[in-house]
Amino acid sequence: MAGSPASNCSNTLVDHVILDLDGTLIDTETLLDEVYAKIVWKYGKKWEWDGIGLIKRLGKRPLEVAASLVEDYELPCTADELLDETLSHVETMWSRAKALPGATRLLKHLRAHKIPIGLASNSPAKNIRSKLAYQPGWLESFKVIVAGDEVKEGKPSPEIYLEAAKLLKARPSSCLVIEDSPSVKQDRCQCRESSWHEGVGKALPIEPWYLGGPVIKGFGRGSKVLGIPTANLPTAALGSQLSQHVCGIYLGWAGLSNRGVYKMVMSVGWNPFFDNAAKTVEPWLLHDFPDDFYGEELRLIVVGYIRPEANFSSLELLIERIHEDAEIAKAALDLLPFSSYQDDKFLTTPLAKQ
Ligand code: ADP
Ligand code: RBF
Ligand code: MG
């Protein structure tokens, strides 16, 4: 494995992996932010959708997050009250938390190599169970799970990781910890720290997803406003498949049965620059076509992830960034594992014949 956990560290062999959950494997931050925003608005305060607040909240225990929001937004309630209110809203939302790109692939990879995996999360045990219930194959991937309410001190204290190492019967120094929280990373502990990025080119391989449908009319601005045509797919028919994946910019292969197979780079989401009211799936096929192909059946195998959707201060910057995404996709799709999918029959077999 290129960039294997062991190769990132010094000479000690890494033979166990301990993972964080929220923000590392699943995107719960987006859900929590939605709830915090609602409550803050209810108190007549304006929610700041900036990355600074998010970074401050990352990896903290729920009560600590509530306390910092009460202070920052000068809310007329206690941290306990805010936490109760947040939890009552969020309890029903865990099913909407999506796996982060690459997470399922990482777990599969570690299991295939028989590397024991521990989960160490500041969340209470009950919430961890709810979150894992919606991710097929995840629960059985973890040999041990340590929850925030099962230790005296939550992160950034190393206690939770040391407990996981103990239950795994592993020496802390041979455990690779994968964690997104900056406060944990700052607080050096006996457990070694590192992160797992197996980039291929400038993209992250993911478990491939297969999708298709007739090319439909979009907002009519891809070619006109951006000079970048995107073959929109109907999102309603993609339903649950689409809701499993985080919004962002992906790459993969596109097939049109009467034409051929092409590299593609694709945006999935709400297009923050245009403030869309609907989520779109918009692949840009990296090929010059003499005409359009509305109504034709388009097949996609999405194999990698490039970045989250972003907003831009000008149209020029958005266009520049999309061209950079296209260059990343073109180069990465020549490399394994991405290149191996271009011969997949799914791309060219018409629906009826499958
Ligand atoms: P819309 O808003 O209707 O999607 P666009 O301006 O985004 O319009 O143009 C997309 C259409 O252009 C596609 O539906 C397809 O028929 C055609 N097209 C031509 N070349 C390409 C390409 N390289 N990638 C995607 N679509 C293309
Ligand atoms: N729109 C955004 O608002 N933010 C983005 O970060 C963004 N990235 C894109 C990346 C790619 C590769 C493509 C093809 C489109 C992207 N768009 C983005 C979507 C663009 O806004 C959309 O295609 C147009 O709105 C045309 O419908
Ligand atoms: Mg389009």
# chains A, B, ... in the order shown; residues from 1 in each chain; ligands from 1

$ residues_near_ligand --ligand "ligand 3" --cutoff "10 Å" --atoms "only C-alpha atoms and all ligand atoms" --output "ChimeraX atom specification"
/A:215-224,228-233,280-284

$ write_last_selection --atoms "N, CA and C atoms" --output "short mmCIF file (atom, residue, chain, number, x, y, z; two decimals), in the first residue's frame"
data_model
loop_
_atom_site.label_atom_id
_atom_site.label_comp_id
_atom_site.auth_asym_id
_atom_site.auth_seq_id
_atom_site.Cartn_x
_atom_site.Cartn_y
_atom_site.Cartn_z
N VAL A 215 -29.76 12.10 -19.73
CA VAL A 215 -29.25 13.47 -19.55
C VAL A 215 -30.43 14.45 -19.63
N ILE A 216 -30.57 15.27 -18.60
CA ILE A 216 -31.71 16.21 -18.56
C ILE A 216 -31.23 17.66 -18.67
N LYS A 217 -32.19 18.55 -18.90
CA LYS A 217 -31.89 19.99 -18.94
C LYS A 217 -31.54 20.47 -17.53
N GLY A 218 -30.53 21.30 -17.41
CA GLY A 218 -30.19 21.86 -16.11
C GLY A 218 -30.64 23.31 -16.05
N PHE A 219 -29.84 24.15 -15.41
CA PHE A 219 -30.21 25.57 -15.27
C PHE A 219 -29.87 26.37 -16.53
N GLY A 220 -29.24 25.70 -17.51
CA GLY A 220 -28.91 26.37 -18.77
C GLY A 220 -27.76 27.35 -18.61
N ARG A 221 -26.91 27.17 -17.60
CA ARG A 221 -25.85 28.17 -17.42
C ARG A 221 -24.45 27.56 -17.50
N GLY A 222 -24.36 26.20 -17.51
CA GLY A 222 -23.04 25.57 -17.54
C GLY A 222 -22.23 26.11 -18.71
N SER A 223 -22.72 25.92 -19.94
CA SER A 223 -21.99 26.39 -21.11
C SER A 223 -22.06 27.91 -21.20
N LYS A 224 -23.26 28.45 -20.96
CA LYS A 224 -23.45 29.90 -21.20
C LYS A 224 -22.66 30.76 -20.23
N ILE A 228 -18.53 25.81 -19.43
CA ILE A 228 -18.26 24.44 -18.99
C ILE A 228 -19.58 23.67 -19.04
N PRO A 229 -19.81 22.86 -20.09
CA PRO A 229 -21.08 22.13 -20.14
C PRO A 229 -21.09 20.98 -19.15
N THR A 230 -22.20 20.81 -18.45
CA THR A 230 -22.32 19.69 -17.50
C THR A 230 -23.59 18.93 -17.84
N ALA A 231 -23.46 17.62 -18.00
CA ALA A 231 -24.59 16.78 -18.39
C ALA A 231 -25.36 16.37 -17.14
N ASN A 232 -26.39 17.13 -16.82
CA ASN A 232 -27.11 16.91 -15.56
C ASN A 232 -27.89 15.59 -15.58
N LEU A 233 -27.88 14.89 -14.44
CA LEU A 233 -28.67 13.66 -14.29
C LEU A 233 -29.85 13.96 -13.36
N THR A 280 -27.73 19.13 -7.31
CA THR A 280 -27.55 18.64 -8.68
C THR A 280 -26.36 17.69 -8.76
N VAL A 281 -26.42 16.84 -9.80
CA VAL A 281 -25.31 15.93 -10.13
C VAL A 281 -24.88 16.33 -11.54
N GLU A 282 -23.67 16.90 -11.65
CA GLU A 282 -23.29 17.52 -12.92
C GLU A 282 -21.92 17.09 -13.39
N PRO A 283 -21.86 16.04 -14.21
CA PRO A 283 -20.56 15.65 -14.76
C PRO A 283 -20.17 16.48 -15.98
N TRP A 284 -18.92 16.89 -16.00
CA TRP A 284 -18.34 17.53 -17.19
C TRP A 284 -17.51 16.45 -17.85
#

$ closest_residue --among "A:Asp344, A:Pro172, A:Val17, A:Lys126" --to "Val261 (chain A)" --atoms "only C-alpha atoms"
A:Asp344

$ closest_residue --among "A:Glu297, A:Ser121, A:Thr30, A:Asn258" --to "Glu153 (chain A)" --atoms "only C-alpha atoms"
A:Ser121

$ select_by_dssp --residues "region 59-238 of chain A" --states "helix (DSSP H, G or I)" --output "PyMOL selection string"
chain A and resi 62-72+79-96+103-112+125-133+139-141+148-150+159-167+172-174+182-186+222-226+235-238

$ residues_around --residues "region 315-326 of chain A" --least-positions-apart "5" --cutoff "10 Å" --atoms "only C-alpha atoms" --output "ChimeraX atom specification"
/A:202-203,225-228,249-251,263-267,273-274,284-286,306-307,310,331-332

$ write_last_selection --atoms "N, CA and C atoms" --output "compact mmCIF listing (two decimals), in the first residue's frame"
# COMPACT_ATOMS: atom_id res chain seq x y z
N LYS A 202 -3.91 13.81 -7.32
CA LYS A 202 -4.37 14.70 -6.25
C LYS A 202 -5.79 14.34 -5.83
N ALA A 203 -6.14 13.05 -5.96
CA ALA A 203 -7.50 12.64 -5.60
C ALA A 203 -7.45 11.49 -4.62
N VAL A 225 -22.77 30.49 -18.95
CA VAL A 225 -22.13 31.37 -17.96
C VAL A 225 -20.68 30.98 -17.69
N LEU A 226 -20.43 29.66 -17.68
CA LEU A 226 -19.09 29.21 -17.27
C LEU A 226 -18.23 28.72 -18.44
N GLY A 227 -18.87 28.45 -19.58
CA GLY A 227 -18.13 27.84 -20.70
C GLY A 227 -17.79 26.39 -20.37
N ILE A 228 -18.53 25.81 -19.43
CA ILE A 228 -18.26 24.44 -18.99
C ILE A 228 -19.58 23.67 -19.04
N ILE A 249 -16.66 17.46 -5.06
CA ILE A 249 -16.20 17.32 -6.44
C ILE A 249 -15.52 15.95 -6.58
N TYR A 250 -16.01 15.17 -7.50
CA TYR A 250 -15.57 13.78 -7.69
C TYR A 250 -15.03 13.59 -9.10
N LEU A 251 -14.36 12.47 -9.32
CA LEU A 251 -13.91 12.13 -10.67
C LEU A 251 -14.26 10.69 -10.99
N LYS A 263 -13.31 10.34 -19.71
CA LYS A 263 -13.00 10.80 -18.36
C LYS A 263 -14.03 11.86 -17.96
N MET A 264 -14.32 11.95 -16.69
CA MET A 264 -15.23 13.03 -16.27
C MET A 264 -14.87 13.55 -14.89
N VAL A 265 -15.26 14.80 -14.64
CA VAL A 265 -15.10 15.42 -13.32
C VAL A 265 -16.48 15.97 -12.99
N MET A 266 -16.89 15.82 -11.73
CA MET A 266 -18.31 16.02 -11.45
C MET A 266 -18.55 16.77 -10.15
N SER A 267 -19.54 17.65 -10.20
CA SER A 267 -19.92 18.32 -8.96
C SER A 267 -21.23 17.72 -8.46
N PHE A 273 -21.98 28.72 -4.94
CA PHE A 273 -21.77 29.99 -5.65
C PHE A 273 -23.07 30.53 -6.23
N PHE A 274 -23.93 29.60 -6.69
CA PHE A 274 -25.19 30.03 -7.30
C PHE A 274 -26.37 29.91 -6.33
N TRP A 284 -18.92 16.89 -16.00
CA TRP A 284 -18.34 17.53 -17.19
C TRP A 284 -17.51 16.45 -17.85
N LEU A 285 -17.93 16.01 -19.04
CA LEU A 285 -17.18 14.98 -19.76
C LEU A 285 -15.98 15.65 -20.41
N LEU A 286 -14.80 15.11 -20.17
CA LEU A 286 -13.58 15.80 -20.59
C LEU A 286 -13.24 15.41 -22.04
N ILE A 306 -12.20 14.73 -4.96
CA ILE A 306 -11.18 15.78 -5.06
C ILE A 306 -11.26 16.80 -3.91
N ARG A 307 -12.45 17.33 -3.64
CA ARG A 307 -12.55 18.40 -2.63
C ARG A 307 -14.02 18.63 -2.28
N ALA A 310 -17.31 24.54 -2.79
CA ALA A 310 -16.87 25.77 -2.13
C ALA A 310 -17.59 26.97 -2.73
N ALA A 331 -5.31 13.70 -15.06
CA ALA A 331 -4.05 13.06 -14.69
C ALA A 331 -4.31 11.83 -13.81
N ALA A 332 -5.20 11.98 -12.82
CA ALA A 332 -5.41 10.88 -11.86
C ALA A 332 -6.05 9.66 -12.52

$ closest_residue --among "A:Glu34, A:Glu207, A:Asp288, A:Asp334" --to "Arg105 (chain A)" --atoms "only C-alpha atoms"
A:Glu207

$ closest_residue --among "A:Trp270, A:Phe293, A:Phe312, A:Trp41" --to "ligand 1" --atoms "only C-alpha atoms and all ligand atoms"
A:Phe293

$ closest_residue --among "A:Pro214, A:Gly118, A:Gly260, A:Pro337" --to "ligand 1" --atoms "only C-alpha atoms and all ligand atoms"
A:Pro214
